[in-house]
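Colleague: Just so it is clear, I am handing over model18.txt, which has compact mmCIF, C-alpha atoms.
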```txt
# COMPACT_ATOMS: atom_id res chain seq x y z
CA MET A 1 0.00 0.00 0.00
CA MET A 2 1.31 3.44 -0.92
CA THR A 3 1.98 5.57 2.15
CA MET A 4 3.86 8.51 0.70
CA LEU A 5 2.40 11.86 1.76
CA TYR A 6 2.27 14.65 -0.80
CA THR A 7 2.09 18.06 0.82
CA LEU A 8 2.74 20.40 -2.10
CA SER A 9 0.01 22.80 -3.08
CA PHE A 10 -1.04 23.04 -6.70
CA SER A 11 -3.89 24.21 -8.88
CA VAL A 12 -5.62 22.61 -11.85
CA THR A 13 -8.29 24.00 -14.11
CA ASP A 14 -11.86 23.11 -13.36
CA ASP A 15 -12.67 21.74 -16.80
CA ASP A 16 -16.39 22.28 -16.24
CA THR A 17 -16.16 26.05 -15.76
CA ARG A 18 -12.53 27.12 -16.30
CA TYR A 19 -12.31 28.33 -12.74
CA GLY A 20 -9.35 27.12 -10.72
CA ILE A 21 -9.27 24.14 -8.37
CA VAL A 22 -6.67 24.80 -5.70
CA TYR A 23 -5.24 22.13 -3.45
CA PHE A 24 -3.17 23.01 -0.41
CA VAL A 25 -2.27 21.71 3.03
CA ARG A 26 -2.77 23.88 6.07
CA ARG A 27 -1.86 22.77 9.56
CA GLY A 28 -1.53 19.22 8.34
CA SER A 29 -4.99 19.07 6.74
CA PRO A 30 -5.51 19.03 2.97
CA TYR A 31 -8.08 21.30 1.32
CA LEU A 32 -9.64 21.74 -2.09
CA PHE A 33 -11.10 25.08 -3.06
CA LEU A 34 -12.75 26.46 -6.16
CA ARG A 35 -11.28 29.83 -7.14
CA ASP A 36 -12.59 32.26 -9.75
CA LYS A 37 -10.50 33.98 -12.42
CA ARG A 38 -9.70 36.85 -10.04
CA LYS A 39 -8.32 34.20 -7.68
CA ARG A 40 -11.07 34.76 -5.12
CA PHE A 41 -12.14 31.65 -3.25
CA ILE A 42 -15.68 30.72 -4.23
CA ARG A 43 -16.23 27.66 -2.09
CA LYS A 44 -14.63 24.66 -0.43
CA LEU A 45 -14.87 21.42 -2.37
CA ASP A 46 -15.45 18.11 -0.62
CA TYR A 47 -14.26 16.28 -3.71
CA ILE A 48 -13.45 16.70 -7.36
CA GLU A 49 -14.25 14.31 -10.18
CA VAL A 50 -11.34 12.99 -12.21
CA ARG A 51 -12.32 11.67 -15.65
CA ALA A 52 -10.08 9.60 -17.91
CA PHE A 53 -10.98 9.20 -21.59
CA ILE A 54 -10.06 6.62 -24.21
CA GLU A 55 -10.94 6.74 -27.90
CA VAL A 56 -10.32 4.71 -31.02
CA ARG A 57 -8.25 6.42 -33.68
CA TYR A 58 -7.64 5.20 -37.18
CA SER A 59 -4.81 6.30 -39.38
CA ARG A 60 -6.00 7.89 -42.64
CA GLU A 61 -5.06 4.79 -44.62
CA GLU A 62 -6.89 2.44 -42.27
CA ALA A 63 -9.95 4.68 -42.20
CA LYS A 64 -10.18 4.56 -45.98
CA LYS A 65 -9.80 0.78 -46.11
CA ALA A 66 -12.04 -0.19 -43.20
CA ASN A 67 -15.39 1.05 -42.01
CA PRO A 68 -14.26 3.01 -38.96
CA ILE A 69 -15.93 2.27 -35.67
CA TYR A 70 -16.48 5.20 -33.32
CA VAL A 71 -15.72 4.45 -29.67
CA ASP A 72 -15.51 6.63 -26.56
CA THR A 73 -14.83 5.27 -23.09
CA VAL A 74 -14.67 7.25 -19.86
CA ALA A 75 -13.91 6.38 -16.24
CA MET A 76 -14.95 8.85 -13.52
CA ILE A 77 -13.84 8.78 -9.90
CA LEU A 78 -14.46 11.08 -6.96
CA VAL A 79 -11.33 12.32 -5.24
CA LYS A 80 -11.15 13.84 -1.76
CA PRO A 81 -8.35 16.14 -0.57
CA ASP A 82 -7.06 13.29 1.64
CA ASP A 83 -6.59 11.11 -1.45
CA ILE A 84 -4.48 13.75 -3.15
CA MET A 85 -2.35 14.07 -0.04
CA ARG A 86 -1.90 10.33 0.27
CA TYR A 87 -1.48 9.22 -3.33
CA GLY A 88 -0.65 12.29 -5.39
CA MET A 89 -2.55 13.55 -8.43
CA GLU A 90 -0.42 11.66 -10.92
CA HIS A 91 -1.20 8.31 -9.29
CA ILE A 92 -4.91 9.17 -9.15
CA ARG A 93 -5.00 10.05 -12.85
CA ARG A 94 -3.14 6.86 -13.68
CA ARG A 95 -5.57 4.73 -11.65
CA ALA A 96 -8.57 6.33 -13.37
CA MET A 97 -7.03 5.58 -16.74
CA GLU A 98 -6.30 1.98 -15.71
CA GLU A 99 -9.96 1.51 -14.83
CA ALA A 100 -10.97 2.94 -18.20
CA TRP A 101 -8.60 0.56 -20.00
CA SER A 102 -9.85 -2.40 -18.01
CA PHE A 103 -13.49 -1.62 -18.97
CA HIS A 104 -12.48 -0.93 -22.56
CA ARG A 105 -10.73 -4.31 -22.81
CA GLU A 106 -13.78 -6.09 -21.44
CA LEU A 107 -15.99 -4.63 -24.15
CA PHE A 108 -13.78 -4.76 -27.21
CA GLY A 109 -11.48 -7.27 -28.85
CA SER A 110 -7.78 -6.90 -29.36
CA ARG A 111 -8.22 -5.39 -32.83
CA ILE A 112 -10.06 -2.38 -31.39
CA VAL A 113 -7.93 -2.18 -28.26
CA THR A 114 -4.72 -1.97 -30.27
CA ILE A 115 -5.95 1.14 -32.07
CA SER A 116 -7.28 2.75 -28.88
CA TYR A 117 -5.51 5.71 -27.32
CA GLU A 118 -5.66 7.72 -24.14
CA ARG A 119 -7.21 11.09 -24.96
CA GLY A 120 -6.66 12.84 -21.66
CA TRP A 121 -8.10 13.76 -18.29
CA GLU A 122 -10.66 16.22 -17.01
CA HIS A 123 -10.84 17.57 -13.46
CA GLY A 124 -14.33 18.76 -12.60
CA SER A 125 -15.91 20.50 -9.65
CA THR A 126 -19.26 19.07 -10.73
CA ARG A 127 -20.28 15.47 -10.67
CA LYS A 128 -21.31 13.97 -14.00
CA GLY A 129 -21.17 10.25 -13.26
CA ASP A 130 -23.42 8.15 -11.04
CA GLU A 131 -20.65 6.96 -8.74
CA ASP A 132 -20.38 7.47 -5.00
CA TYR A 133 -17.09 7.90 -3.23
CA GLY A 134 -15.16 4.61 -3.42
CA GLU A 135 -16.69 3.68 -6.75
CA VAL A 136 -15.74 4.20 -10.37
CA TYR A 137 -18.31 5.10 -13.01
CA LEU A 138 -17.55 3.59 -16.40
CA HIS A 139 -19.26 4.48 -19.63
CA SER A 140 -18.57 3.46 -23.19
CA ILE A 141 -20.42 4.34 -26.39
CA TRP A 142 -19.80 3.03 -29.85
CA ALA A 143 -21.29 3.02 -33.33
CA ARG A 144 -20.35 0.92 -36.31
CA THR A 145 -21.21 3.15 -39.24
CA LEU A 146 -21.68 6.80 -40.06
CA ALA A 147 -25.35 6.06 -40.64
CA ASP A 148 -25.55 4.82 -37.05
CA LEU A 149 -24.03 8.07 -35.90
CA TYR A 150 -26.54 10.18 -37.81
CA GLU A 151 -29.45 8.09 -36.61
CA GLY A 152 -28.15 8.06 -33.05
CA VAL A 153 -28.51 4.30 -32.85
CA GLY A 154 -25.07 3.64 -31.42
CA ARG A 155 -24.69 1.33 -28.46
CA GLU A 156 -23.57 2.08 -24.97
CA ARG A 157 -22.64 0.29 -21.79
CA GLU A 158 -22.28 1.80 -18.36
CA ASP A 159 -21.30 0.36 -15.02
CA VAL A 160 -20.50 1.43 -11.47
CA ARG A 161 -17.92 -0.64 -9.62
CA PRO A 162 -16.04 -0.53 -6.33
CA PHE A 163 -12.77 1.32 -6.63
CA ARG A 164 -9.58 1.59 -4.58
CA PHE A 165 -6.59 3.78 -5.23
CA MET B 1 -24.03 22.98 -4.09
CA PHE B 2 -22.43 24.02 -7.38
CA VAL B 3 -21.79 27.51 -8.66
CA HIS B 4 -22.88 26.76 -12.21
CA SER B 5 -24.85 23.85 -13.48
CA VAL B 6 -23.35 21.86 -16.35
CA SER B 7 -26.55 22.50 -18.32
CA SER B 8 -25.83 26.23 -18.50
CA ILE B 9 -22.29 25.98 -19.87
CA LEU B 10 -21.15 25.86 -23.50
CA LYS B 11 -17.69 24.44 -24.10
CA VAL B 12 -15.99 25.58 -27.28
CA ASP B 13 -12.75 24.29 -28.75
CA VAL B 14 -11.05 26.57 -31.27
CA ASP B 15 -7.92 25.47 -33.12
CA ILE B 16 -6.52 28.99 -33.48
CA LYS B 17 -4.56 31.03 -30.98
CA MET B 18 -5.91 34.57 -31.02
CA ASP B 19 -4.17 37.78 -30.06
CA VAL B 20 -5.83 40.17 -27.64
CA VAL B 21 -7.63 42.26 -30.27
CA MET B 22 -8.99 39.29 -32.17
CA LEU B 23 -9.91 37.56 -28.93
CA GLN B 24 -11.98 40.53 -27.77
CA ARG B 25 -13.77 40.74 -31.12
CA TRP B 26 -14.34 37.02 -31.27
CA VAL B 27 -15.81 36.85 -27.76
CA GLU B 28 -17.92 39.96 -28.38
CA THR B 29 -19.39 38.56 -31.60
CA ARG B 30 -20.16 35.21 -29.87
CA LYS B 31 -21.92 37.06 -27.07
CA ARG B 32 -23.99 39.03 -29.54
CA MET B 33 -24.90 35.89 -31.43
CA LEU B 34 -26.10 34.23 -28.25
CA GLU B 35 -27.94 37.33 -27.09
CA SER B 36 -29.63 37.68 -30.48
CA MET B 37 -30.99 34.18 -29.94
CA GLY B 38 -32.39 35.20 -26.58
CA TYR B 39 -29.73 33.83 -24.23
CA HIS B 40 -27.92 35.77 -21.51
CA VAL B 41 -24.16 35.32 -21.17
CA VAL B 42 -23.09 35.54 -17.54
CA ASP B 43 -19.38 34.93 -17.97
CA VAL B 44 -16.81 33.87 -20.56
CA ASN B 45 -13.65 32.01 -19.60
CA TYR B 46 -10.84 30.76 -21.79
CA ARG B 47 -7.44 29.15 -21.76
CA TYR B 48 -4.68 28.65 -24.29
CA THR B 49 -3.85 25.10 -25.29
CA ARG B 50 -1.09 23.58 -27.37
CA HIS B 51 -2.99 23.91 -30.64
CA GLY B 52 -5.52 26.64 -29.94
CA MET B 53 -7.94 27.78 -27.27
CA HIS B 54 -10.72 26.47 -25.07
CA PHE B 55 -13.72 28.66 -24.18
CA TRP B 56 -16.45 28.33 -21.59
CA PHE B 57 -19.60 30.41 -22.15
CA ILE B 58 -21.67 30.46 -18.98
CA LEU B 59 -25.32 31.22 -19.65
CA GLN B 60 -28.09 32.26 -17.35
CA GLU B 61 -30.44 29.71 -18.93
CA GLN B 62 -30.47 25.97 -18.27
CA LEU B 63 -30.53 24.17 -21.61
CA ASP B 64 -30.98 20.62 -22.78
CA ALA B 65 -28.07 18.74 -24.32
CA TYR B 66 -29.12 19.04 -27.96
CA THR B 67 -29.61 22.80 -27.69
CA ARG B 68 -26.17 23.16 -26.14
CA ALA B 69 -24.64 21.01 -28.89
CA THR B 70 -26.35 23.21 -31.48
CA LEU B 71 -25.23 26.45 -29.83
CA GLN B 72 -21.65 25.21 -29.54
CA PHE B 73 -21.70 24.51 -33.27
CA MET B 74 -23.17 27.93 -34.05
CA ILE B 75 -20.59 29.86 -32.06
CA GLY B 76 -17.67 28.16 -33.73
CA ASP B 77 -16.78 24.95 -31.91
CA ASP B 78 -14.48 22.56 -33.76
CA HIS B 79 -16.66 20.99 -36.46
CA ARG B 80 -15.35 17.48 -36.01
CA ARG B 81 -16.15 17.74 -32.31
CA CYS B 82 -19.62 19.06 -33.14
CA PHE B 83 -20.29 16.10 -35.41
CA TYR B 84 -19.71 13.71 -32.50
CA ASN B 85 -21.46 16.02 -30.03
CA PHE B 86 -24.71 15.85 -32.02
CA TYR B 87 -24.42 12.08 -31.94
CA ARG B 88 -23.68 12.11 -28.20
CA ALA B 89 -26.66 14.41 -27.60
CA ARG B 90 -28.96 12.06 -29.52
CA LEU B 91 -27.72 9.14 -27.44
CA GLY B 92 -28.23 11.14 -24.24
CA VAL B 93 -24.56 11.05 -23.23
CA PHE B 94 -23.56 14.57 -24.24
CA ASP B 95 -22.40 15.73 -20.81
CA HIS B 96 -20.21 12.70 -20.22
CA PHE B 97 -18.23 13.12 -23.43
CA ASN B 98 -18.35 16.85 -24.17
CA ALA B 99 -14.86 17.21 -22.73
CA LEU B 100 -12.17 19.85 -22.84
CA PHE B 101 -9.12 18.14 -21.45
CA GLY B 102 -7.12 19.75 -18.69
CA VAL B 103 -4.42 17.18 -19.26
CA LYS B 104 -4.27 15.93 -22.82
CA VAL B 105 -2.29 13.05 -24.27
CA TYR B 106 -0.65 13.95 -27.56
CA GLU B 107 0.17 10.93 -29.68
CA GLN B 108 0.83 10.57 -33.37
CA VAL B 109 -1.25 7.90 -35.07
```
Please render this file's structure as structure tokens.
Modeller:
Amino acid sequence: MMTMLYTLSFSVTDDDTRYGIVYFVRRGSPYLFLRDKRKRFIRKLDYIEVRAFIEVRYSREEAKKANPIYVDTVAMILVKPDDIMRYGMEHIRRRAMEEAWSFHRELFGSRIVTISYERGWEHGSTRKGDEDYGEVYLHSIWARTLADLYEGVGREREDVRPFRF
Amino acid sequence: MFVHSVSSILKVDVDIKMDVVMLQRWVETRKRMLESMGYHVVDVNYRYTRHGMHFWFILQEQLDAYTRATLQFMIGDDHRRCFYNFYRARLGVFDHFNALFGVKVYEQV
């Protein structure tokens, strides 16, 4: 079990509003605050939501040859200030992405997985998923053809599972 | 309690880095477009990215996903992104996947 304590303060963008999410430790206790663009504290956050995204990307040649499938997978976890202090943001992001990969591999075969890529992470002050603290919310959507996309008849799978850092 | 609801925020991805003058004009024209359609812009936030800029238009009104996808398209969101956003809105998963990444992975395919 990881026991390293991270005490550095840092800020990330709230990707839901573009305000700032500030993390700092004061008198041994970690805090998360939402700060506006004038750097005024708006409110204390009990948690933030970290979202990791995976998508399928075709090279131009492959896209011309095959009928490209569209796939998006996301994993969302709730993170408390204590978690950031204990595990560090980098570890938290990595764990969220691991959960997304694990779900992605369950749903798709090796041919799709090998052309899947990590798109990035969002940090949000709002909660979009259906998870509670200690759970990961997983959601994947996919469509086989462009016609499916236009008709909105793609398929989706979502799940909520227990989660540990 | 949240300051702004997700349903009142438009996220726009622009693949051009603007200077101050162009940025002011661009934001002003977007505001006027939205106001001409009857919406009230409360705040506009932006950040520079590696390839362009991200914008957040915070509206007074709470809107459904398809309306937000349409408005994002109208005010100049990346067209490829809009194409998928319309699809996501139809599937009812717009909010989950309408993302502007704080930390992005850049990989060459």
Colleague: To one decimal in Å, tell me the separation between atom CA of B:Phe55 and atom CA of B:Asp13.
Modeller: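 So the answer is 6.4 Å.
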Colleague: Calculated over only C-alpha atoms, which of the candidates B:Val105, B:Ile75, B:Val12, B:Ile58 has the smallest distance to B:Arg32?
Modeller: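 Comparing B:Val105, B:Ile75, B:Val12, B:Ile58 against B:Arg32, the winner is B:Ile75.
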Colleague: As an exercise, work out the distance from atom CA of B:Cys82 to atom CA of B:Leu34 in Å and give it to one decimal place.
Modeller: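 Taking atom CA of B:Cys82 as the start and atom CA of B:Leu34 as the end point, the length is 17.2 Å.
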Colleague: Please determine the contact residues of chain A with respect to chain B at a cut-off of 8 Å, counting all atoms listed in the file, and supply them as a PDB file with C-alpha atoms, in the frame of the given file.
Modeller:
```pdb
ATOM      1  CA  VAL A  12      -5.620  22.610 -11.850  1.00  0.00           C
ATOM      2  CA  THR A  13      -8.290  24.000 -14.110  1.00  0.00           C
ATOM      3  CA  ASP A  14     -11.860  23.110 -13.360  1.00  0.00           C
ATOM      4  CA  ASP A  15     -12.670  21.740 -16.800  1.00  0.00           C
ATOM      5  CA  ASP A  16     -16.390  22.280 -16.240  1.00  0.00           C
ATOM      6  CA  THR A  17     -16.160  26.050 -15.760  1.00  0.00           C
ATOM      7  CA  ARG A  18     -12.530  27.120 -16.300  1.00  0.00           C
ATOM      8  CA  TYR A  19     -12.310  28.330 -12.740  1.00  0.00           C
ATOM      9  CA  ARG A  57      -8.250   6.420 -33.680  1.00  0.00           C
ATOM     10  CA  TYR A  58      -7.640   5.200 -37.180  1.00  0.00           C
ATOM     11  CA  SER A  59      -4.810   6.300 -39.380  1.00  0.00           C
ATOM     12  CA  ASP A  72     -15.510   6.630 -26.560  1.00  0.00           C
ATOM     13  CA  VAL A  74     -14.670   7.250 -19.860  1.00  0.00           C
ATOM     14  CA  GLU A 118      -5.660   7.720 -24.140  1.00  0.00           C
ATOM     15  CA  ARG A 119      -7.210  11.090 -24.960  1.00  0.00           C
ATOM     16  CA  GLY A 120      -6.660  12.840 -21.660  1.00  0.00           C
ATOM     17  CA  TRP A 121      -8.100  13.760 -18.290  1.00  0.00           C
ATOM     18  CA  GLU A 122     -10.660  16.220 -17.010  1.00  0.00           C
ATOM     19  CA  HIS A 123     -10.840  17.570 -13.460  1.00  0.00           C
ATOM     20  CA  SER A 125     -15.910  20.500  -9.650  1.00  0.00           C
ATOM     21  CA  THR A 126     -19.260  19.070 -10.730  1.00  0.00           C
ATOM     22  CA  LYS A 128     -21.310  13.970 -14.000  1.00  0.00           C
ATOM     23  CA  GLY A 129     -21.170  10.250 -13.260  1.00  0.00           C
ATOM     24  CA  LEU A 149     -24.030   8.070 -35.900  1.00  0.00           C
ATOM     25  CA  TYR A 150     -26.540  10.180 -37.810  1.00  0.00           C
ATOM     26  CA  GLU A 151     -29.450   8.090 -36.610  1.00  0.00           C
ATOM     27  CA  GLY A 152     -28.150   8.060 -33.050  1.00  0.00           C
ATOM     28  CA  VAL A 153     -28.510   4.300 -32.850  1.00  0.00           C
ATOM     29  CA  GLY A 154     -25.070   3.640 -31.420  1.00  0.00           C
TER      30      GLY A 154
END
```
Colleague: Got a sec: who's within 7 Å of B:His40, counting only C-alpha atoms, leaving out chain neighbours fewer than 3 positions off, as a PDB file with C-alpha atoms, in the frame of the given file?
Modeller:
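Now in out.pdb:
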```pdb
ATOM      1  CA  GLU B  35     -27.940  37.330 -27.090  1.00  0.00           C
ATOM      2  CA  LEU B  59     -25.320  31.220 -19.650  1.00  0.00           C
ATOM      3  CA  GLN B  60     -28.090  32.260 -17.350  1.00  0.00           C
TER       4      GLN B  60
END
```
Colleague: Between atom CA of A:Arg35 and atom CA of A:Gly20, what is the spacing in Å?
Modeller: 4.9 Å
Colleague: Of the residues A:Glu62, A:Ile92, A:Arg40, A:Phe53, which is the one nearest to A:Leu78, using all atoms listed in the file?
Modeller: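 For A:Leu78, the nearest of the candidates is A:Ile92.
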Colleague: From the block you just saw, export stretch 37-81 of chain B: C-alpha atoms, as a PDB file, in the first residue's frame.
Modeller:
```pdb
ATOM      1  CA  MET B  37     -30.994  34.177 -29.936  1.00  0.00           C
ATOM      2  CA  GLY B  38     -32.392  35.204 -26.578  1.00  0.00           C
ATOM      3  CA  TYR B  39     -29.728  33.832 -24.228  1.00  0.00           C
ATOM      4  CA  HIS B  40     -27.919  35.766 -21.514  1.00  0.00           C
ATOM      5  CA  VAL B  41     -24.164  35.315 -21.174  1.00  0.00           C
ATOM      6  CA  VAL B  42     -23.087  35.540 -17.535  1.00  0.00           C
ATOM      7  CA  ASP B  43     -19.380  34.932 -17.973  1.00  0.00           C
ATOM      8  CA  VAL B  44     -16.809  33.872 -20.558  1.00  0.00           C
ATOM      9  CA  ASN B  45     -13.647  32.010 -19.598  1.00  0.00           C
ATOM     10  CA  TYR B  46     -10.840  30.756 -21.795  1.00  0.00           C
ATOM     11  CA  ARG B  47      -7.440  29.148 -21.763  1.00  0.00           C
ATOM     12  CA  TYR B  48      -4.680  28.653 -24.294  1.00  0.00           C
ATOM     13  CA  THR B  49      -3.851  25.096 -25.287  1.00  0.00           C
ATOM     14  CA  ARG B  50      -1.089  23.583 -27.368  1.00  0.00           C
ATOM     15  CA  HIS B  51      -2.995  23.907 -30.640  1.00  0.00           C
ATOM     16  CA  GLY B  52      -5.516  26.638 -29.944  1.00  0.00           C
ATOM     17  CA  MET B  53      -7.935  27.778 -27.270  1.00  0.00           C
ATOM     18  CA  HIS B  54     -10.723  26.471 -25.074  1.00  0.00           C
ATOM     19  CA  PHE B  55     -13.719  28.657 -24.184  1.00  0.00           C
ATOM     20  CA  TRP B  56     -16.452  28.327 -21.591  1.00  0.00           C
ATOM     21  CA  PHE B  57     -19.595  30.412 -22.148  1.00  0.00           C
ATOM     22  CA  ILE B  58     -21.669  30.456 -18.982  1.00  0.00           C
ATOM     23  CA  LEU B  59     -25.320  31.219 -19.647  1.00  0.00           C
ATOM     24  CA  GLN B  60     -28.094  32.257 -17.347  1.00  0.00           C
ATOM     25  CA  GLU B  61     -30.441  29.710 -18.933  1.00  0.00           C
ATOM     26  CA  GLN B  62     -30.469  25.967 -18.268  1.00  0.00           C
ATOM     27  CA  LEU B  63     -30.527  24.170 -21.612  1.00  0.00           C
ATOM     28  CA  ASP B  64     -30.979  20.620 -22.785  1.00  0.00           C
ATOM     29  CA  ALA B  65     -28.065  18.742 -24.317  1.00  0.00           C
ATOM     30  CA  TYR B  66     -29.121  19.040 -27.958  1.00  0.00           C
ATOM     31  CA  THR B  67     -29.611  22.803 -27.688  1.00  0.00           C
ATOM     32  CA  ARG B  68     -26.168  23.160 -26.144  1.00  0.00           C
ATOM     33  CA  ALA B  69     -24.639  21.009 -28.890  1.00  0.00           C
ATOM     34  CA  THR B  70     -26.347  23.215 -31.481  1.00  0.00           C
ATOM     35  CA  LEU B  71     -25.229  26.452 -29.827  1.00  0.00           C
ATOM     36  CA  GLN B  72     -21.655  25.207 -29.541  1.00  0.00           C
ATOM     37  CA  PHE B  73     -21.702  24.511 -33.267  1.00  0.00           C
ATOM     38  CA  MET B  74     -23.168  27.926 -34.048  1.00  0.00           C
ATOM     39  CA  ILE B  75     -20.594  29.860 -32.060  1.00  0.00           C
ATOM     40  CA  GLY B  76     -17.667  28.163 -33.730  1.00  0.00           C
ATOM     41  CA  ASP B  77     -16.777  24.948 -31.914  1.00  0.00           C
ATOM     42  CA  ASP B  78     -14.481  22.564 -33.759  1.00  0.00           C
ATOM     43  CA  HIS B  79     -16.657  20.985 -36.457  1.00  0.00           C
ATOM     44  CA  ARG B  80     -15.346  17.482 -36.007  1.00  0.00           C
ATOM     45  CA  ARG B  81     -16.146  17.740 -32.311  1.00  0.00           C
TER      46      ARG B  81
END
```
